[in-house]
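Chemist: Please find one structure pasted underneath; my questions will follow.
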There are 2 protein chains.
Amino acid sequence: MYYIGIDIGGTNLKAGLVDESYRITATKKQPLQFESMEQMGETLAGMAIALAEENGIARDQIASVGMGFPGPVDDRRGVVIKTVNIPIRFMPVAEMFHRRWADVPVHLGNDADCAALGEYYHYEDKNIESLILVTLGTGIGTGIILGGRIHTGINGCAGEGGHTIIVHGGEQCTCGRKGCWERYGSANALIRQTMAAMEQHKDSMMWEMVGDSDHVGGRTAFEAMRRGDAAAKAVVDQYLRYLADGLSNFVNIFQPEVIALGGGVSHERDEDLLLPLQSMVLEDCFGREADRHTRLVKARLGNDAGIIGAALLGLQGGSH
Amino acid sequence: MYYIGIDIGGTNLKAGLVDESYRITATKKQPLQFESMEQMGETLAGMAIALAEENGIARDQIASVGMGFPGPVDDRRGVVIKTVNIPIRFMPVAEMFHRRWADVPVHLGNDADCAALGEYYHYEDKNIESLILVTLGTGIGTGIILGGRIHTGINGCAGEGGHTIIVHGGEQCTCGRKGCWERYGSANALIRQTMAAMEQHKDSMMWEMVGDSDHVGGRTAFEAMRRGDAAAKAVVDQYLRYLADGLSNFVNIFQPEVIALGGGVSHERDEDLLLPLQSMVLEDCFGREADRHTRLVKARLGNDAGIIGAALLGLQGGSH
């Protein structure tokens, strides 16, 4: 049997055929052209059908189709509640999908949750109880897997760990609150922090590296720190402190078996990111005296996690 | 059948006989006199046996005995990892208990978790998926019930929501970190905030009410606010903001069905505490557009919650 996963992004639709070893064996990508929810449902079903046919897989060899949307979903009712950047509101995706392909189970997930589920199924130890994926990108996405299942909450909106306040009265967040973790710990936050430090330190090596402030990236401060720049080191130290604060909060709440870090920032060298974070979190958190601790690791799947996790939504154990 | 619950506090041991309606039908209390872990195990078993005998309940009418400890436990192995205020470290409670009463199932829980489980079983709607109990006392205790089970994490140390940083670099907490929620949202924090405001406002009505600063309590600011004192109102407004920050963080992470507020502060009039918090949290959190929202309510059981929850530890559904 095979599983089909579709990752619905603001720009592209990416579908993947996933085998029983949870690996992608074929993909299909097309630009998102949103006209109406009706047409969107049609497009998604057509894409899944085409992916199976083009790879010579009979429809009855597809165990289920899962779709990851950038927003909250109600999987039980097969409805996408709303999405970011696409004008979808209370879209009955499962029903629309079944008009073109009636007899295949359809599952819906939030994209960050799907990525977490993908990482969970690909973790080296198949018996882990819980995994939280923290993706450091434009914002901070968090997907929470407990007992092998996505924790969706009662309304599909759970798992917004990037939108927990860690700095009371702090920077204005897009969510309406002030001081959310993602204002301090995301890749975009790191870029803002780097630019602010450069303004304060006109002699910083970072200026030579990037030329002008338009070329500052999430790696600028890390790279300059490795070359010995003091201003850059201060940026990285403070950034790691913000990350550790949020990660330790998660450990104190969940004590999960694994926290996996994803997103561009997570590719920094271990000695500059993962190892100091591991020390800081272990020092901060509860449970130091216990004989088991949360393992803080790098995520493994990168961009494939969303497709694989969406495809495997139907495999989640237990009851809702 | 009956269940026995024992709440182990720093000062007293309180045991209760709980019937199949989850109500306490008899209790037994004695001061904690800790000599050794051996003697403690003996005492706990003796107390359970005496409670049954004194009430004419045969031992085979006791379905299980549960104990709530002020610290992390490993229920699977029947071990208390450590406790606050009592010198217990890795105590094999279940094994010790079984030396005196061999054939009864024994369960261990953390006291805040037991209280949450008690509230869960007493909630009006028996089909709720999840409940988080937030107890505003000396600190902030949180107990997390998901899918009818306590979320203990991999090491029994989960559910320390009071020790999540909401003020980066803020007040020093007893846990070693700075800016934990309980430094701002507990009853003790409210008392500190009230005293600080009184120092700044020597003309505040609060001085007349309490005489001197030794008599400031968690109700002082609320009471003075109701009498029209501006300094007191500012204290309460700021305190509610801190509470709402932490509660909204929990909603964004879990979207639980119910958050119940317990502890002394929770007895304030609804119009001064619960109703403004409900508005603030609903305004702040994700899921505003969903058709289901977390219900923020007052806890119901008060001090009995710990005994009832400990007694019912064995009833938790699903697998670990």
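Starting from 1 in every chain, residues are counted up; chains themselves are A, B, ... following the order of the structure tokens, and ligands are numbered from 1 as listed.
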Please list as a list in words every residue within 8 Å of A:Ile307, counting only C-alpha atoms and excluding residues in the same chain fewer than 6 positions away.

Modeler: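 Contacts, with the query itself left out: Gly5, Ile6, Asp7, Lys14, Ala15, Gly16, Met67, Gly68, Cys114, Ala115 and Gly118 of chain A.
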
Chemist: Given the selection you just returned, output its residues as a file containing N, CA, C and O atoms, formatted as a tab-separated table (two decimals), in the first residue's frame.

Modeler:
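Result written to part29.tsv:
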chain	number	residue	atom	x	y	z
A	5	GLY	N	0.52	12.25	0.37
A	5	GLY	CA	0.52	13.44	1.20
A	5	GLY	C	0.58	14.68	0.33
A	5	GLY	O	1.32	14.70	-0.66
A	6	ILE	N	-0.22	15.69	0.65
A	6	ILE	CA	-0.15	16.96	-0.10
A	6	ILE	C	0.12	18.08	0.88
A	6	ILE	O	-0.58	18.22	1.89
A	7	ASP	N	1.15	18.84	0.57
A	7	ASP	CA	1.53	19.97	1.40
A	7	ASP	C	1.02	21.23	0.70
A	7	ASP	O	1.48	21.56	-0.40
A	14	LYS	N	2.48	20.69	-3.15
A	14	LYS	CA	3.45	19.63	-3.35
A	14	LYS	C	2.85	18.32	-2.87
A	14	LYS	O	2.46	18.21	-1.70
A	15	ALA	N	2.77	17.36	-3.77
A	15	ALA	CA	2.21	16.05	-3.41
A	15	ALA	C	3.30	15.00	-3.46
A	15	ALA	O	4.24	15.11	-4.26
A	16	GLY	N	3.21	14.01	-2.60
A	16	GLY	CA	4.19	12.94	-2.60
A	16	GLY	C	3.54	11.59	-2.39
A	16	GLY	O	2.55	11.47	-1.67
A	67	MET	N	-3.67	15.76	3.84
A	67	MET	CA	-3.33	17.10	3.36
A	67	MET	C	-2.96	18.01	4.52
A	67	MET	O	-3.68	18.05	5.52
A	68	GLY	N	-1.85	18.72	4.37
A	68	GLY	CA	-1.41	19.66	5.40
A	68	GLY	C	-1.68	21.09	4.97
A	68	GLY	O	-1.20	21.52	3.91
A	114	CYS	N	1.86	18.28	10.73
A	114	CYS	CA	2.25	17.21	9.79
A	114	CYS	C	3.77	17.04	9.79
A	114	CYS	O	4.26	15.91	9.80
A	115	ALA	N	4.49	18.15	9.80
A	115	ALA	CA	5.96	18.06	9.81
A	115	ALA	C	6.42	17.34	11.08
A	115	ALA	O	7.32	16.49	11.03
A	118	GLY	N	5.78	13.65	10.65
A	118	GLY	CA	6.80	13.08	9.78
A	118	GLY	C	8.09	12.81	10.54
A	118	GLY	O	8.67	11.73	10.44

Chemist: List every residue of stretch 123-227 of chain B that DSSP, applied to the backbone, labels as helix (DSSP H, G or I), and write the result as a VMD selection string.

Modeler: chain B and resid 161 to 163 182 to 185 187 to 200 205 to 210 213 to 215 220 to 226

Chemist: Set the distance at 9 Å and use only C-alpha atoms: which residues neighbour A:Gly148 once local chain neighbours fewer than 5 positions away are removed? I'd like the list as an MDAnalysis selection string.

Modeler: chainID A and resid 117 120:121 128:131 316:318

Chemist: Fit chain A to chain B, using all C-alpha atoms paired in sequence order for the least-squares superposition, and then show me the result as a short mmCIF file (atom, residue, chain, number, x, y, z; two decimals) with C-alpha atoms, in the first residue's frame.

Modeler:
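Okay, part.cif is ready:
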data_model
loop_
_atom_site.label_atom_id
_atom_site.label_comp_id
_atom_site.auth_asym_id
_atom_site.auth_seq_id
_atom_site.Cartn_x
_atom_site.Cartn_y
_atom_site.Cartn_z
CA MET A 1 -16.06 -0.88 45.53
CA TYR A 2 -14.16 1.95 47.18
CA TYR A 3 -10.96 3.80 46.42
CA ILE A 4 -8.52 5.16 48.97
CA GLY A 5 -6.61 8.36 48.30
CA ILE A 6 -3.79 9.73 50.45
CA ASP A 7 -2.58 13.28 50.10
CA ILE A 8 0.99 13.59 51.39
CA GLY A 9 1.70 17.15 52.47
CA GLY A 10 4.68 18.70 54.20
CA THR A 11 2.76 18.84 57.49
CA ASN A 12 -0.05 16.30 57.36
CA LEU A 13 -1.09 13.04 55.78
CA LYS A 14 -4.74 13.09 54.75
CA ALA A 15 -6.48 9.91 53.63
CA GLY A 16 -9.96 9.59 52.22
CA LEU A 17 -12.32 6.76 51.37
CA VAL A 18 -13.90 7.52 47.99
CA ASP A 19 -17.01 5.79 46.67
CA GLU A 20 -18.04 4.96 43.12
CA SER A 21 -19.70 8.35 42.78
CA TYR A 22 -16.24 9.85 43.37
CA ARG A 23 -17.29 11.32 46.70
CA ILE A 24 -15.36 11.19 49.97
CA THR A 25 -17.28 9.14 52.54
CA ALA A 26 -14.71 9.13 55.34
CA THR A 27 -11.36 10.73 56.10
CA LYS A 28 -8.39 10.26 58.37
CA LYS A 29 -5.68 12.76 59.11
CA GLN A 30 -2.41 12.54 60.97
CA PRO A 31 0.67 14.71 61.27
CA LEU A 32 3.60 13.77 59.09
CA GLN A 33 6.39 12.38 61.25
CA PHE A 34 9.16 11.42 58.92
CA GLU A 35 11.89 9.19 60.32
CA SER A 36 12.92 7.12 57.33
CA MET A 37 11.52 6.07 53.98
CA GLU A 38 10.92 2.59 55.45
CA GLN A 39 8.86 3.99 58.30
CA MET A 40 7.03 6.31 55.90
CA GLY A 41 5.99 3.36 53.69
CA GLU A 42 4.81 1.54 56.79
CA THR A 43 2.81 4.56 57.96
CA LEU A 44 1.07 5.00 54.60
CA ALA A 45 0.02 1.35 54.42
CA GLY A 46 -1.10 1.41 58.06
CA MET A 47 -3.18 4.50 57.42
CA ALA A 48 -4.96 2.95 54.44
CA ILE A 49 -5.64 -0.28 56.33
CA ALA A 50 -6.97 1.61 59.35
CA LEU A 51 -9.22 3.81 57.19
CA ALA A 52 -10.83 0.75 55.63
CA GLU A 53 -11.18 -1.13 58.93
CA GLU A 54 -12.56 1.82 60.89
CA ASN A 55 -15.29 2.20 58.30
CA GLY A 56 -16.13 -1.49 58.14
CA ILE A 57 -14.88 -1.91 54.57
CA ALA A 58 -13.28 -5.28 53.86
CA ARG A 59 -9.91 -5.09 52.15
CA ASP A 60 -11.22 -6.79 49.04
CA GLN A 61 -13.74 -3.97 48.67
CA ILE A 62 -10.91 -1.52 48.03
CA ALA A 63 -10.26 -1.31 44.27
CA SER A 64 -7.00 0.59 44.60
CA VAL A 65 -4.97 2.93 46.75
CA GLY A 66 -3.53 6.11 45.27
CA MET A 67 -1.08 8.53 46.81
CA GLY A 68 -0.30 12.12 45.84
CA PHE A 69 3.22 13.35 46.64
CA PRO A 70 4.60 16.88 46.47
CA GLY A 71 7.10 16.05 43.75
CA PRO A 72 7.69 13.94 40.64
CA VAL A 73 6.79 10.26 40.68
CA ASP A 74 7.29 7.28 38.40
CA ASP A 75 3.95 5.50 38.65
CA ARG A 76 4.97 2.69 36.33
CA ARG A 77 7.77 1.65 38.65
CA GLY A 78 5.97 2.69 41.82
CA VAL A 79 8.73 5.09 42.81
CA VAL A 80 8.66 8.63 44.19
CA ILE A 81 11.58 10.44 42.61
CA LYS A 82 11.85 13.27 45.09
CA THR A 83 9.65 15.50 47.21
CA VAL A 84 9.70 19.09 48.35
CA ASN A 85 10.12 19.57 52.12
CA ILE A 86 10.33 15.82 52.90
CA PRO A 87 13.68 14.02 52.46
CA ILE A 88 12.39 11.42 50.02
CA ARG A 89 14.59 10.38 47.09
CA PHE A 90 13.80 7.44 44.81
CA MET A 91 11.49 5.83 47.35
CA PRO A 92 9.92 2.52 46.20
CA VAL A 93 6.56 3.33 47.74
CA ALA A 94 4.55 0.64 45.98
CA GLU A 95 6.94 -2.11 47.08
CA MET A 96 7.01 -0.82 50.67
CA PHE A 97 3.22 -0.53 50.74
CA HIS A 98 2.81 -4.09 49.47
CA ARG A 99 4.83 -5.48 52.39
CA ARG A 100 1.85 -4.71 54.62
CA TRP A 101 -0.97 -4.98 52.08
CA ALA A 102 0.11 -7.21 49.27
CA ASP A 103 -2.85 -7.56 46.97
CA VAL A 104 -4.12 -4.04 46.34
CA PRO A 105 -3.14 -2.02 43.25
CA VAL A 106 -1.10 1.02 44.27
CA HIS A 107 -0.80 4.19 42.16
CA LEU A 108 1.37 7.21 42.65
CA GLY A 109 0.80 10.74 41.44
CA ASN A 110 2.10 14.24 41.82
CA ASP A 111 -0.19 16.24 44.13
CA ALA A 112 -0.98 18.98 41.57
CA ASP A 113 -1.73 16.29 38.99
CA CYS A 114 -4.00 14.44 41.43
CA ALA A 115 -5.93 17.65 42.12
CA ALA A 116 -6.39 18.13 38.36
CA LEU A 117 -7.61 14.55 37.99
CA GLY A 118 -10.09 15.09 40.83
CA GLU A 119 -11.44 18.21 39.11
CA TYR A 120 -11.62 16.32 35.82
CA TYR A 121 -13.78 13.54 37.30
CA HIS A 122 -16.02 16.09 38.98
CA TYR A 123 -16.53 18.28 35.95
CA GLU A 124 -20.18 18.64 35.02
CA ASP A 125 -19.71 17.27 31.53
CA LYS A 126 -18.25 13.79 31.84
CA ASN A 127 -17.09 13.63 28.25
CA ILE A 128 -14.52 16.39 28.28
CA GLU A 129 -11.30 15.54 26.51
CA SER A 130 -8.92 17.72 28.47
CA LEU A 131 -8.69 19.84 31.59
CA ILE A 132 -5.87 21.90 33.03
CA LEU A 133 -6.03 22.89 36.68
CA VAL A 134 -4.12 26.06 37.52
CA THR A 135 -3.76 26.54 41.27
CA LEU A 136 -2.87 30.03 42.44
CA GLY A 137 -1.26 29.58 45.84
CA THR A 138 2.23 29.99 47.28
CA GLY A 139 3.33 29.25 43.74
CA ILE A 140 1.41 28.29 40.61
CA GLY A 141 0.70 24.60 40.27
CA THR A 142 -0.57 23.16 37.01
CA GLY A 143 -1.97 19.70 36.39
CA ILE A 144 -2.61 18.61 32.81
CA ILE A 145 -5.26 16.01 31.94
CA LEU A 146 -5.32 14.99 28.27
CA GLY A 147 -7.58 12.26 26.95
CA GLY A 148 -8.61 11.46 30.52
CA ARG A 149 -5.04 10.87 31.68
CA ILE A 150 -2.47 12.89 33.59
CA HIS A 151 0.27 14.10 31.26
CA THR A 152 3.33 13.08 33.27
CA GLY A 153 6.00 13.28 30.57
CA ILE A 154 8.73 10.66 30.26
CA ASN A 155 10.04 11.18 33.79
CA GLY A 156 7.05 12.22 35.88
CA CYS A 157 8.20 15.83 35.96
CA ALA A 158 5.83 17.40 33.41
CA GLY A 159 3.13 19.91 34.22
CA GLU A 160 5.33 22.58 35.79
CA GLY A 161 3.49 25.41 34.07
CA GLY A 162 4.23 27.78 36.95
CA HIS A 163 7.86 27.50 35.92
CA THR A 164 7.57 28.85 32.40
CA ILE A 165 9.25 32.17 31.78
CA ILE A 166 6.82 34.94 30.89
CA VAL A 167 9.17 37.83 31.77
CA HIS A 168 12.57 37.31 30.16
CA GLY A 169 15.27 38.28 32.66
CA GLY A 170 12.63 38.95 35.32
CA GLU A 171 12.41 38.14 39.02
CA GLN A 172 14.57 35.35 40.40
CA CYS A 173 12.52 32.18 40.91
CA THR A 174 13.17 29.42 43.44
CA CYS A 175 13.62 27.02 40.52
CA GLY A 176 16.79 28.82 39.44
CA ARG A 177 15.34 30.63 36.41
CA LYS A 178 14.31 34.23 36.13
CA GLY A 179 10.83 35.50 35.27
CA CYS A 180 8.72 32.38 35.87
CA TRP A 181 4.96 32.78 35.75
CA GLU A 182 4.58 31.96 39.43
CA ARG A 183 6.77 34.95 40.36
CA TYR A 184 4.04 37.15 38.86
CA GLY A 185 0.78 35.22 39.03
CA SER A 186 0.75 33.33 42.35
CA ALA A 187 -1.05 34.50 45.51
CA ASN A 188 2.35 35.26 47.02
CA ALA A 189 3.25 37.36 43.98
CA LEU A 190 0.01 39.30 44.36
CA ILE A 191 0.90 40.00 48.01
CA ARG A 192 4.37 41.24 47.00
CA GLN A 193 2.84 43.44 44.29
CA THR A 194 0.32 44.83 46.78
CA MET A 195 3.05 45.66 49.31
CA ALA A 196 5.15 47.37 46.65
CA ALA A 197 2.16 49.52 45.60
CA MET A 198 1.49 50.44 49.22
CA GLU A 199 5.09 51.61 49.63
CA GLN A 200 4.61 53.85 46.60
CA HIS A 201 1.19 55.10 47.66
CA LYS A 202 1.26 56.05 51.32
CA ASP A 203 -2.22 57.56 50.94
CA SER A 204 -3.75 54.32 49.67
CA MET A 205 -6.82 53.05 51.45
CA MET A 206 -4.98 49.75 51.74
CA TRP A 207 -2.96 51.10 54.70
CA GLU A 208 -6.11 51.72 56.73
CA MET A 209 -7.43 48.28 55.87
CA VAL A 210 -4.41 46.27 56.94
CA GLY A 211 -2.73 48.51 59.55
CA ASP A 212 0.77 47.42 58.66
CA SER A 213 2.41 45.56 55.82
CA ASP A 214 2.55 42.31 57.84
CA HIS A 215 -1.18 41.98 57.38
CA VAL A 216 -1.31 42.28 53.60
CA GLY A 217 -3.04 39.30 52.04
CA GLY A 218 -4.08 38.09 48.63
CA ARG A 219 -7.47 39.78 49.08
CA THR A 220 -6.20 43.22 50.14
CA ALA A 221 -5.91 44.75 46.70
CA PHE A 222 -9.19 43.24 45.45
CA GLU A 223 -11.07 44.52 48.50
CA ALA A 224 -9.58 48.02 48.32
CA MET A 225 -10.30 48.16 44.59
CA ARG A 226 -13.96 47.47 45.29
CA ARG A 227 -13.93 50.39 47.74
CA GLY A 228 -12.58 52.65 45.01
CA ASP A 229 -8.83 52.76 45.73
CA ALA A 230 -6.92 53.64 42.56
CA ALA A 231 -3.59 52.16 43.62
CA ALA A 232 -5.31 48.88 44.45
CA LYS A 233 -7.07 48.82 41.08
CA ALA A 234 -3.73 49.26 39.33
CA VAL A 235 -2.34 46.28 41.27
CA VAL A 236 -5.29 44.09 40.33
CA ASP A 237 -5.23 45.17 36.67
CA GLN A 238 -1.54 44.33 36.37
CA TYR A 239 -1.96 41.06 38.24
CA LEU A 240 -4.80 40.00 35.92
CA ARG A 241 -2.58 40.86 32.93
CA TYR A 242 0.13 38.51 34.25
CA LEU A 243 -2.44 35.79 34.85
CA ALA A 244 -3.94 36.24 31.39
CA ASP A 245 -0.51 36.04 29.76
CA GLY A 246 0.18 32.64 31.27
CA LEU A 247 -3.35 31.35 30.69
CA SER A 248 -3.31 32.44 27.04
CA ASN A 249 0.04 30.71 26.63
CA PHE A 250 -1.59 27.52 27.85
CA VAL A 251 -4.55 27.97 25.49
CA ASN A 252 -2.26 28.54 22.50
CA ILE A 253 -0.29 25.39 23.31
CA PHE A 254 -3.12 23.05 24.34
CA GLN A 255 -6.52 24.48 23.37
CA PRO A 256 -7.88 22.39 26.23
CA GLU A 257 -11.56 21.94 26.75
CA VAL A 258 -11.42 23.40 30.26
CA ILE A 259 -8.99 25.43 32.33
CA ALA A 260 -10.03 25.44 35.99
CA LEU A 261 -8.63 28.03 38.38
CA GLY A 262 -8.02 26.90 41.95
CA GLY A 263 -6.31 28.20 45.08
CA GLY A 264 -7.28 31.04 47.40
CA VAL A 265 -7.22 33.78 44.75
CA SER A 266 -9.78 31.89 42.67
CA HIS A 267 -12.45 32.65 45.29
CA GLU A 268 -12.49 36.34 44.37
CA ARG A 269 -15.79 37.56 42.94
CA ASP A 270 -16.36 36.53 39.34
CA GLU A 271 -16.71 40.11 38.11
CA ASP A 272 -13.29 40.95 39.52
CA LEU A 273 -11.35 37.86 38.44
CA LEU A 274 -12.97 35.20 36.30
CA LEU A 275 -14.96 37.42 33.92
CA PRO A 276 -12.11 39.83 33.05
CA LEU A 277 -9.74 36.88 32.63
CA GLN A 278 -12.20 35.16 30.30
CA SER A 279 -12.37 38.29 28.13
CA MET A 280 -8.63 38.83 28.08
CA VAL A 281 -7.81 35.22 27.21
CA LEU A 282 -10.44 35.04 24.49
CA GLU A 283 -9.11 38.25 22.99
CA ASP A 284 -5.47 37.12 23.12
CA CYS A 285 -5.55 33.52 22.10
CA PHE A 286 -5.50 31.63 18.84
CA GLY A 287 -8.67 29.92 17.76
CA ARG A 288 -10.95 32.95 18.06
CA GLU A 289 -12.49 32.00 14.72
CA ALA A 290 -13.04 28.36 15.71
CA ASP A 291 -16.46 27.25 16.85
CA ARG A 292 -15.17 25.81 20.11
CA HIS A 293 -13.16 27.61 22.77
CA THR A 294 -11.51 26.71 26.03
CA ARG A 295 -13.85 27.26 28.97
CA LEU A 296 -12.17 29.11 31.82
CA VAL A 297 -13.94 28.15 35.06
CA LYS A 298 -13.43 28.01 38.80
CA ALA A 299 -12.25 24.76 40.30
CA ARG A 300 -14.91 23.01 42.36
CA LEU A 301 -13.33 20.67 44.84
CA GLY A 302 -10.98 22.84 46.88
CA ASN A 303 -8.82 20.86 49.29
CA ASP A 304 -10.62 17.59 48.58
CA ALA A 305 -9.37 17.51 44.98
CA GLY A 306 -6.01 16.02 45.95
CA ILE A 307 -7.50 13.12 47.90
CA ILE A 308 -10.17 12.36 45.29
CA GLY A 309 -7.71 12.56 42.42
CA ALA A 310 -5.19 10.33 44.22
CA ALA A 311 -7.93 7.80 44.92
CA LEU A 312 -8.95 7.74 41.25
CA LEU A 313 -5.43 7.48 39.77
CA GLY A 314 -6.19 3.87 38.86
CA LEU A 315 -9.23 4.85 36.81
CA GLN A 316 -7.30 6.73 34.11
CA GLY A 317 -8.21 5.45 30.67
CA GLY A 318 -5.96 4.32 27.86
CA SER A 319 -2.35 3.22 28.02
CA HIS A 320 0.56 5.15 29.44
#

Chemist: Can you list, as a PyMOL selection string, all residues belonging to stretch 60-211 of chain B that DSSP tags as strand (DSSP E)?

Modeler: chain B and resi 62-69+73-74+79-82+89-91+106-110+130-136+140-146+149-150
